[in-house]
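As stored in data27.tsv (TSV, C-alpha atoms):
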chain	number	residue	atom	x	y	z
A	1	MET	CA	-23.95	18.63	12.54
A	2	ASP	CA	-27.07	16.74	13.67
A	3	ARG	CA	-29.29	19.56	12.45
A	4	ALA	CA	-27.59	19.90	9.05
A	5	VAL	CA	-27.70	16.15	8.36
A	6	GLY	CA	-31.33	15.97	9.49
A	7	GLU	CA	-32.36	18.86	7.25
A	8	ALA	CA	-30.62	17.32	4.23
A	9	LEU	CA	-32.32	13.99	4.81
A	10	ASP	CA	-35.70	15.65	5.21
A	11	LEU	CA	-35.28	17.68	2.01
A	12	ALA	CA	-34.33	14.49	0.14
A	13	GLY	CA	-37.45	12.75	1.41
A	14	GLY	CA	-35.54	10.49	3.80
A	15	PHE	CA	-36.10	6.76	3.52
A	16	ALA	CA	-38.15	4.20	5.40
A	17	CYS	CA	-35.86	2.31	7.75
A	18	ALA	CA	-38.09	1.46	10.73
A	19	GLY	CA	-37.38	-2.13	11.76
A	20	ALA	CA	-34.76	-2.55	9.03
A	21	SER	CA	-31.05	-3.40	9.12
A	22	ILE	CA	-28.91	-0.70	7.48
A	23	LEU	CA	-25.40	-1.02	5.99
A	24	VAL	CA	-23.63	2.35	6.16
A	25	LYS	CA	-20.59	2.57	3.91
A	26	PRO	CA	-18.41	5.67	4.65
A	27	ASN	CA	-15.19	6.48	2.81
A	28	MET	CA	-12.28	4.89	4.69
A	29	LEU	CA	-9.51	5.22	2.12
A	30	ASN	CA	-6.64	5.07	4.59
A	31	ALA	CA	-5.54	5.80	8.14
A	32	SER	CA	-5.63	9.59	7.91
A	33	SER	CA	-6.72	12.00	10.60
A	34	PRO	CA	-10.14	13.57	9.99
A	35	ASP	CA	-8.73	17.07	9.41
A	36	ARG	CA	-7.09	15.96	6.14
A	37	ALA	CA	-10.50	15.44	4.46
A	38	VAL	CA	-9.44	12.05	3.08
A	39	THR	CA	-12.24	10.12	4.79
A	40	THR	CA	-15.82	10.70	5.86
A	41	HIS	CA	-15.68	12.79	9.04
A	42	PRO	CA	-16.52	10.85	12.22
A	43	GLU	CA	-18.94	13.52	13.47
A	44	PHE	CA	-20.77	13.32	10.15
A	45	LEU	CA	-21.14	9.59	10.70
A	46	ARG	CA	-22.31	10.18	14.29
A	47	ALA	CA	-25.05	12.54	13.14
A	48	PHE	CA	-26.36	10.03	10.62
A	49	LEU	CA	-26.29	7.10	13.03
A	50	ARG	CA	-28.34	9.14	15.48
A	51	TRP	CA	-30.84	9.97	12.73
A	52	LEU	CA	-31.17	6.29	11.89
A	53	ARG	CA	-31.88	5.43	15.50
A	54	ARG	CA	-34.54	8.11	15.72
A	55	ALA	CA	-36.06	6.80	12.47
A	56	GLY	CA	-36.43	3.36	14.03
A	57	ALA	CA	-33.62	1.35	12.39
A	58	ASP	CA	-33.40	-2.06	14.01
A	59	ARG	CA	-29.72	-2.76	13.32
A	60	ILE	CA	-26.97	-0.53	11.92
A	61	VAL	CA	-23.78	-1.92	10.41
A	62	VAL	CA	-20.80	0.27	9.48
A	63	GLY	CA	-17.92	-0.88	7.28
A	64	ASP	CA	-15.54	-0.33	4.38
A	65	SER	CA	-12.53	-2.06	2.89
A	66	PRO	CA	-9.39	0.13	2.70
A	67	GLY	CA	-7.03	-0.46	-0.18
A	68	TRP	CA	-4.11	-1.95	1.77
A	69	GLN	CA	-4.17	-0.99	5.44
A	70	SER	CA	-6.27	-3.01	7.86
A	71	GLN	CA	-9.84	-1.99	8.41
A	72	GLU	CA	-9.13	-1.92	12.14
A	73	SER	CA	-6.21	0.52	11.89
A	74	VAL	CA	-8.06	2.81	9.49
A	75	GLY	CA	-11.17	2.74	11.67
A	76	LEU	CA	-9.17	3.71	14.74
A	77	ARG	CA	-7.08	6.46	13.10
A	78	THR	CA	-10.03	8.10	11.37
A	79	GLY	CA	-12.20	7.96	14.48
A	80	LEU	CA	-14.98	6.13	12.63
A	81	ARG	CA	-14.66	2.92	14.64
A	82	ALA	CA	-15.05	4.75	17.94
A	83	ILE	CA	-18.11	6.64	16.71
A	84	ALA	CA	-19.77	3.46	15.45
A	85	ALA	CA	-19.19	1.79	18.82
A	86	SER	CA	-20.42	4.78	20.84
A	87	GLU	CA	-23.63	4.96	18.80
A	88	GLY	CA	-24.39	1.24	19.08
A	89	ALA	CA	-23.58	0.27	15.48
A	90	ASP	CA	-21.93	-3.00	14.51
A	91	TRP	CA	-18.54	-2.96	12.79
A	92	ALA	CA	-18.51	-5.16	9.68
A	93	ASP	CA	-15.52	-7.13	8.43
A	94	PHE	CA	-15.54	-6.51	4.68
A	95	SER	CA	-12.92	-9.20	4.04
A	96	ASP	CA	-15.74	-11.73	4.33
A	97	ALA	CA	-17.25	-11.69	0.82
A	98	VAL	CA	-19.99	-13.41	-1.16
A	99	GLU	CA	-20.74	-13.78	-4.87
A	100	VAL	CA	-23.30	-11.29	-6.16
A	101	GLU	CA	-24.85	-11.91	-9.56
A	102	ASN	CA	-25.17	-8.88	-11.83
A	103	PRO	CA	-27.30	-9.68	-14.89
A	104	GLU	CA	-27.58	-5.97	-15.78
A	105	GLY	CA	-23.81	-5.57	-16.04
A	106	SER	CA	-22.23	-4.69	-19.36
A	107	LEU	CA	-18.72	-5.94	-18.49
A	108	VAL	CA	-18.99	-7.65	-15.11
A	109	LYS	CA	-21.76	-10.18	-14.55
A	110	ARG	CA	-20.62	-11.26	-11.08
A	111	PHE	CA	-18.88	-9.47	-8.21
A	112	ARG	CA	-17.43	-10.63	-4.90
A	113	LEU	CA	-18.73	-8.09	-2.40
A	114	ALA	CA	-18.78	-7.75	1.37
A	115	ARG	CA	-21.12	-10.27	2.99
A	116	ALA	CA	-22.63	-7.45	5.05
A	117	LEU	CA	-24.39	-6.29	1.88
A	118	GLU	CA	-26.30	-9.56	1.72
A	119	GLU	CA	-27.05	-9.61	5.44
A	120	THR	CA	-28.68	-6.15	5.64
A	121	ASP	CA	-31.87	-4.72	4.17
A	122	LEU	CA	-30.69	-1.30	2.95
A	123	LEU	CA	-27.39	0.18	1.73
A	124	VAL	CA	-26.40	3.82	2.31
A	125	THR	CA	-23.31	5.12	0.53
A	126	MET	CA	-21.71	7.88	2.60
A	127	PRO	CA	-18.83	9.45	0.66
A	128	LYS	CA	-16.58	12.45	1.07
A	129	LEU	CA	-16.62	14.88	-1.89
A	130	LYS	CA	-13.15	14.71	-3.46
A	131	THR	CA	-11.23	14.90	-6.70
A	132	HIS	CA	-9.75	11.66	-8.05
A	133	GLN	CA	-6.70	11.19	-10.26
A	134	LEU	CA	-8.11	8.33	-12.32
A	135	MET	CA	-11.83	9.17	-12.39
A	136	TYR	CA	-11.44	12.97	-11.87
A	137	TYR	CA	-14.19	13.04	-9.23
A	138	THR	CA	-15.21	10.60	-6.51
A	139	GLY	CA	-18.52	10.54	-4.70
A	140	ALA	CA	-21.49	8.32	-3.95
A	141	ILE	CA	-21.01	5.84	-6.82
A	142	LYS	CA	-17.21	5.53	-6.66
A	143	ASN	CA	-17.50	5.02	-2.89
A	144	LEU	CA	-19.17	1.66	-3.61
A	145	PHE	CA	-15.82	0.26	-4.80
A	146	GLY	CA	-15.03	-0.22	-1.11
A	147	LEU	CA	-17.52	-3.10	-1.08
A	148	VAL	CA	-14.83	-5.08	-2.92
A	149	PRO	CA	-12.51	-6.68	-0.34
A	150	GLY	CA	-9.00	-5.23	0.08
A	151	PHE	CA	-6.47	-6.32	-2.50
A	152	GLU	CA	-9.18	-7.76	-4.76
A	153	LYS	CA	-9.67	-4.19	-5.99
A	154	GLY	CA	-6.31	-4.42	-7.73
A	155	ALA	CA	-7.56	-7.24	-9.92
A	156	PHE	CA	-10.15	-4.89	-11.41
A	157	HIS	CA	-7.47	-2.31	-12.21
A	158	LEU	CA	-5.43	-5.01	-13.94
A	159	ARG	CA	-8.45	-6.40	-15.78
A	160	PHE	CA	-9.67	-2.95	-16.87
A	161	PRO	CA	-6.57	-0.73	-17.24
A	162	GLU	CA	-8.25	1.69	-19.66
A	163	ARG	CA	-10.15	4.51	-18.01
A	164	ARG	CA	-13.37	3.95	-19.96
A	165	ASP	CA	-13.45	0.23	-19.12
A	166	PHE	CA	-12.74	0.85	-15.45
A	167	ALA	CA	-15.58	3.39	-15.48
A	168	ALA	CA	-17.91	0.83	-17.06
A	169	MET	CA	-16.95	-1.61	-14.30
A	170	LEU	CA	-17.86	0.97	-11.64
A	171	ALA	CA	-21.23	1.47	-13.32
A	172	ASP	CA	-21.78	-2.30	-13.26
A	173	LEU	CA	-20.82	-2.35	-9.58
A	174	ALA	CA	-23.48	0.25	-8.79
A	175	LEU	CA	-26.06	-1.90	-10.56
A	176	ALA	CA	-24.99	-4.91	-8.49
A	177	ALA	CA	-24.86	-3.08	-5.13
A	178	LYS	CA	-28.11	-1.11	-5.66
A	179	PRO	CA	-27.60	1.65	-3.06
A	180	ASP	CA	-30.85	2.76	-1.43
A	181	PHE	CA	-29.66	6.20	-0.35
A	182	ALA	CA	-26.66	8.53	-0.60
A	183	LEU	CA	-25.48	11.02	2.01
A	184	MET	CA	-22.38	13.06	1.14
A	185	ASP	CA	-19.97	14.77	3.50
A	186	ALA	CA	-19.17	17.97	1.59
A	187	VAL	CA	-18.66	20.05	4.71
A	188	VAL	CA	-14.93	19.99	4.03
A	189	ALA	CA	-14.20	18.60	0.56
A	190	MET	CA	-10.88	17.84	-1.14
A	191	GLU	CA	-9.49	19.76	-4.11
A	192	GLY	CA	-6.32	19.26	-6.13
A	193	PRO	CA	-4.55	15.90	-6.44
A	194	GLY	CA	-7.15	13.75	-4.66
A	195	PRO	CA	-8.32	11.37	-3.40
A	196	ASN	CA	-5.51	11.31	-0.83
A	197	SER	CA	-2.96	14.01	-1.61
A	198	GLY	CA	-5.24	16.99	-2.21
A	199	ARG	CA	-6.08	19.90	0.05
A	200	PRO	CA	-9.10	20.37	2.33
A	201	TYR	CA	-11.61	22.89	0.98
A	202	ARG	CA	-14.46	24.09	3.19
A	203	LEU	CA	-17.70	23.90	1.19
A	204	GLY	CA	-20.04	23.70	4.17
A	205	LEU	CA	-22.53	21.41	2.43
A	206	VAL	CA	-24.44	18.23	3.19
A	207	LEU	CA	-25.91	16.49	0.13
A	208	ALA	CA	-28.53	13.73	0.25
A	209	SER	CA	-30.52	11.83	-2.36
A	210	LYS	CA	-32.43	8.61	-2.90
A	211	ASP	CA	-30.56	8.37	-6.21
A	212	ALA	CA	-26.79	8.12	-5.73
A	213	LEU	CA	-26.12	9.08	-9.35
A	214	ALA	CA	-28.31	12.19	-9.07
A	215	LEU	CA	-26.26	13.25	-6.05
A	216	ASP	CA	-23.04	12.79	-8.01
A	217	PHE	CA	-24.42	14.77	-10.94
A	218	VAL	CA	-25.11	17.71	-8.62
A	219	ALA	CA	-21.88	17.45	-6.60
A	220	SER	CA	-19.56	17.14	-9.62
A	221	ASP	CA	-21.32	20.03	-11.39
A	222	LEU	CA	-21.14	22.15	-8.25
A	223	ILE	CA	-17.33	22.01	-8.09
A	224	GLY	CA	-16.93	22.71	-11.81
A	225	TYR	CA	-17.10	19.46	-13.77
A	226	GLU	CA	-19.41	18.59	-16.63
A	227	PRO	CA	-21.12	15.59	-14.97
A	228	LEU	CA	-21.31	13.52	-18.15
A	229	GLY	CA	-17.60	14.16	-18.62
A	230	ILE	CA	-16.94	11.97	-15.56
A	231	PRO	CA	-16.58	8.53	-17.23
A	232	TYR	CA	-18.39	6.37	-14.70
A	233	LEU	CA	-21.27	8.82	-14.28
A	234	ALA	CA	-21.83	8.82	-18.03
A	235	ALA	CA	-21.59	5.01	-18.10
A	236	LEU	CA	-24.32	4.65	-15.45
A	237	ALA	CA	-26.76	7.34	-16.63
A	238	GLY	CA	-30.22	5.94	-17.32
A	239	ARG	CA	-29.37	2.36	-16.37
A	240	GLY	CA	-31.32	0.39	-13.82
A	241	SER	CA	-33.24	2.78	-11.60
A	242	PHE	CA	-30.66	5.56	-11.86
A	243	VAL	CA	-31.46	9.00	-13.24
A	244	ALA	CA	-30.83	9.47	-16.97
A	245	ASP	CA	-29.27	12.95	-17.18
A	246	PRO	CA	-28.19	15.88	-14.99
A	247	GLY	CA	-30.92	18.14	-16.36
A	248	SER	CA	-33.64	15.99	-14.83
A	249	VAL	CA	-32.36	16.38	-11.26
A	250	THR	CA	-34.25	18.74	-8.95
A	251	VAL	CA	-32.28	20.39	-6.13
A	252	SER	CA	-33.98	21.51	-2.90
A	253	GLY	CA	-32.62	23.56	-0.02
A	254	LEU	CA	-30.08	25.60	-1.97
A	255	ASP	CA	-29.39	27.14	-5.35
A	256	PRO	CA	-26.38	25.30	-6.82
A	257	GLN	CA	-25.22	28.53	-8.43
A	258	ASP	CA	-25.01	30.20	-5.03
A	259	ALA	CA	-23.19	27.20	-3.54
A	260	ARG	CA	-20.44	27.03	-6.18
A	261	PRO	CA	-16.96	27.63	-4.76
A	262	LYS	CA	-15.18	30.67	-6.20
A	263	SER	CA	-12.17	28.50	-6.97
A	264	PHE	CA	-11.75	24.75	-6.70
A	265	GLU	CA	-8.75	22.95	-8.19
A	266	LEU	CA	-9.92	20.09	-10.36
A	267	ILE	CA	-8.13	17.17	-11.97
A	268	PRO	CA	-7.97	18.19	-15.66
A	269	VAL	CA	-10.11	16.03	-17.94
A	270	PRO	CA	-8.01	15.35	-21.07
A	271	GLY	CA	-9.20	14.29	-24.47
A	272	ASN	CA	-9.74	10.62	-25.25
A	273	THR	CA	-6.34	9.02	-24.67
A	274	ASP	CA	-7.44	5.58	-25.87
A	275	VAL	CA	-9.12	6.65	-29.13
A	276	LEU	CA	-6.73	4.43	-31.09
A	277	GLN	CA	-7.38	1.35	-28.98
A	278	GLY	CA	-8.27	-1.56	-31.25
A	279	ARG	CA	-7.18	0.34	-34.36
A	280	ILE	CA	-3.43	-0.11	-34.04
A	281	PRO	CA	-1.30	-2.99	-32.71
A	282	GLY	CA	-1.44	-3.38	-28.94
A	283	PRO	CA	2.26	-2.71	-28.21
A	284	ILE	CA	2.19	0.52	-30.23
A	285	HIS	CA	-1.02	1.63	-28.53
A	286	ARG	CA	0.50	1.00	-25.09
A	287	MET	CA	3.64	2.94	-26.02
A	288	LEU	CA	1.62	5.96	-27.23
A	289	ARG	CA	-0.67	5.79	-24.20
A	290	ASN	CA	2.30	5.74	-21.84
A	291	LEU	CA	3.68	8.85	-23.55
A	292	ALA	CA	0.33	10.63	-23.26
A	293	VAL	CA	-0.89	9.68	-19.79
A	294	ALA	CA	0.52	10.98	-16.49
A	295	ARG	CA	2.87	8.59	-14.72
A	296	PRO	CA	3.89	8.25	-11.05
A	297	ARG	CA	7.19	9.68	-9.85
A	298	PHE	CA	8.61	9.26	-6.34
A	299	ASP	CA	10.03	11.82	-3.95
A	300	HIS	CA	12.53	9.49	-2.30
A	301	ARG	CA	13.31	12.00	0.45
A	302	ALA	CA	9.67	12.04	1.59
A	303	CYS	CA	9.12	8.28	1.13
A	304	LEU	CA	8.88	6.26	4.36
A	305	ARG	CA	9.65	2.92	2.61
A	306	CYS	CA	6.47	1.55	4.17
A	307	GLY	CA	5.93	-0.65	1.11
A	308	GLY	CA	2.22	0.12	0.79
A	309	CYS	CA	2.54	1.16	-2.84
A	310	VAL	CA	4.46	-2.03	-3.66
A	311	LYS	CA	1.81	-4.19	-2.02
A	312	ILE	CA	-1.15	-2.51	-3.70
A	313	CYS	CA	0.29	-2.23	-7.24
A	314	PRO	CA	-1.86	-4.58	-9.36
A	315	ALA	CA	0.65	-4.68	-12.22
A	316	LYS	CA	3.66	-5.48	-9.97
A	317	ALA	CA	5.39	-2.46	-11.47
A	318	LEU	CA	6.94	-1.30	-8.17
A	319	GLU	CA	9.77	-2.83	-6.20
A	320	LEU	CA	11.52	-1.85	-2.97
A	321	ARG	CA	15.14	-2.31	-3.98
A	322	ASP	CA	18.43	-2.21	-2.10
A	323	ARG	CA	20.60	0.77	-3.03
A	324	HIS	CA	24.35	0.86	-3.46
A	325	GLY	CA	25.71	2.26	-0.23
A	326	GLY	CA	22.83	0.92	1.87
A	327	GLY	CA	19.17	1.59	2.33
A	328	LYS	CA	16.20	0.89	0.07
A	329	ARG	CA	13.98	2.86	-2.26
A	330	VAL	CA	10.97	2.24	-4.46
A	331	GLU	CA	11.68	1.83	-8.17
A	332	ILE	CA	9.06	1.82	-10.91
A	333	ASP	CA	8.99	-0.14	-14.17
A	334	ASP	CA	7.26	2.23	-16.60
A	335	GLU	CA	6.62	-0.58	-19.06
A	336	LYS	CA	4.58	-2.53	-16.51
A	337	CYS	CA	2.79	0.49	-15.01
A	338	ILE	CA	-0.87	0.60	-16.09
A	339	ARG	CA	-1.46	4.19	-14.79
A	340	CYS	CA	-4.12	3.16	-12.27
A	341	TYR	CA	-2.60	5.54	-9.67
A	342	CYS	CA	-3.32	3.17	-6.78
A	343	CYS	CA	0.15	3.98	-5.40
A	344	HIS	CA	-0.56	7.72	-5.42
A	345	GLU	CA	-3.96	7.11	-3.85
A	346	ILE	CA	-2.70	5.32	-0.77
A	347	CYS	CA	0.70	6.98	-0.08
A	348	PRO	CA	0.59	8.25	3.53
A	349	GLU	CA	3.31	10.87	2.99
A	350	ASP	CA	2.29	12.34	-0.40
A	351	ALA	CA	5.64	11.11	-1.70
A	352	ILE	CA	4.26	10.31	-5.16
A	353	ARG	CA	3.39	12.88	-7.78
A	354	LEU	CA	1.93	12.37	-11.23
A	355	VAL	CA	3.95	13.76	-14.10
A	356	ARG	CA	2.17	14.43	-17.38
A	357	GLY	CA	3.30	12.50	-20.44
A	358	ILE	CA	5.30	14.25	-23.16
A	359	LEU	CA	2.35	14.00	-25.57

Let me see the structure of the file written as structure tokens.
Amino acid sequence: MDRAVGEALDLAGGFACAGASILVKPNMLNASSPDRAVTTHPEFLRAFLRWLRRAGADRIVVGDSPGWQSQESVGLRTGLRAIAASEGADWADFSDAVEVENPEGSLVKRFRLARALEETDLLVTMPKLKTHQLMYYTGAIKNLFGLVPGFEKGAFHLRFPERRDFAAMLADLALAAKPDFALMDAVVAMEGPGPNSGRPYRLGLVLASKDALALDFVASDLIGYEPLGIPYLAALAGRGSFVADPGSVTVSGLDPQDARPKSFELIPVPGNTDVLQGRIPGPIHRMLRNLAVARPRFDHRACLRCGGCVKICPAKALELRDRHGGGKRVEIDDEKCIRCYCCHEICPEDAIRLVRGIL
């Protein structure tokens, strides 16, 4: 792993980090074991931390903010906390946040982000290549959403329930965070109903770039997406210092055509489901959208009743109710549900599936 990560960094031109403090932000979605390909693999993190030390980094900080589980429990279960400690990196508490002004933002002019971002010199986004139910694909840019502390993420889903607006928010977040480098764990990716309930897929790749958007253009194209069909990639293209279009990205070290998987299950990208927004009354638009967009459905036999989905739901559309005859189960209010899929994203037992709307 050390050799592969080092080669990728060298091909991407590396980055000057001698004497600098580095914030490394892996994907720590939830407390899953590394073999499930939900989170950045701990050995991938180890290889990068060793590279940083050899490159002369003065201080290395590792952190993320899981959606609802504690950072401590996720760090321990994924093995990332132990690796950070063994390699001499500090473990950052992302619940401690500061206001970050964002004058370049189109929708969000100010974010509350982890204080560690302000206290370090350089930011490296270190994602796992996965599919994503809401955004279709998640990589270097989407990984930055973890800079937002815990349950504060839900407020953004509630504020921007439409996919295009949520994508614009993610683009604004990238402009505020200004990642200095991106290093992607695509050794074992995730296909199918990601980012939590999909299947591991061995790609055997390490991707690195000084431009996080350029990396996402290449990675999303490699698995079969049209990069500008991913809403937040299109929203960020050409803004700030980010690359303007996929065609301007140069790839070294491999031919993307040779690296394409023979089959990789993607999240289907539908047509524009909010094309009527603003043209018809709000209640009618919401009704039609709810009929057209996939909605969560629960497998009550698989459900652990852990309550994670209830806690994370930004719209308060889920409730753990007592049943006649004893016991509890999660019930959903379809009228309140905003189709953010946070519940599906964090379910530890894959007890939630998304059912397509009748339209």

Give me, as number ranges by chain, all polymer residues having an atom no more than 9 Å from Leu158 in chain A, counting only C-alpha atoms and skipping those fewer than 4 positions away in the same chain.
A: 154, 314-315, 338, 340

Quick one: pull the distance between CA of Asp58 in chain A and CA of Ala18 in chain A, Å, one decimal.
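Value for the CA of Asp58 in chain A-CA of Ala18 in chain A distance: 6.7 Å.
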
10 Å contact set for Gln69 in chain A, all atoms listed in the file, chain neighbours under 2 positions out, as a PyMOL selection string
chain A and resi 29-31+65-67+71-74+150-151+308+312+346

What's the separation between CA of Glu152 in chain A and CA of Cys342 in chain A, in Å to one decimal place?
12.6 Å

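With CA of Ile141 in chain A on one side and CA of Leu236 in chain A on the other, the separation reads 9.3 Å.
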
With distances taken over only C-alpha atoms, which residue among A:Arg59, A:Arg159, A:Met135, A:Ala182 lies nearest Lys25 in chain A?
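Distance minimum relative to Lys25 in chain A lands on A:Ala182.
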
Would you mind telling me which residue in A:Tyr341, A:Phe145, A:Phe242, A:Tyr137 lies nearest to Gly224 in chain A when using all atoms listed in the file?
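For Gly224 in chain A, the nearest of the candidates is A:Tyr137.
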
Restricting the calculation to all atoms listed in the file: of A:Ala47, A:Ser32, A:Ala114, A:Ser95, which residue gets closest to Gly79 in chain A?
A:Ser32

Neighbouring residues of range 117-133 of chain A were defined as those with any atom within 6 Å, considering all atoms listed in the file; residues of the same chain fewer than 5 positions away were excluded. Please report them as a ChimeraX atom specification.
/A:21-27,40,138-140,143,179-186,189-191,194-195
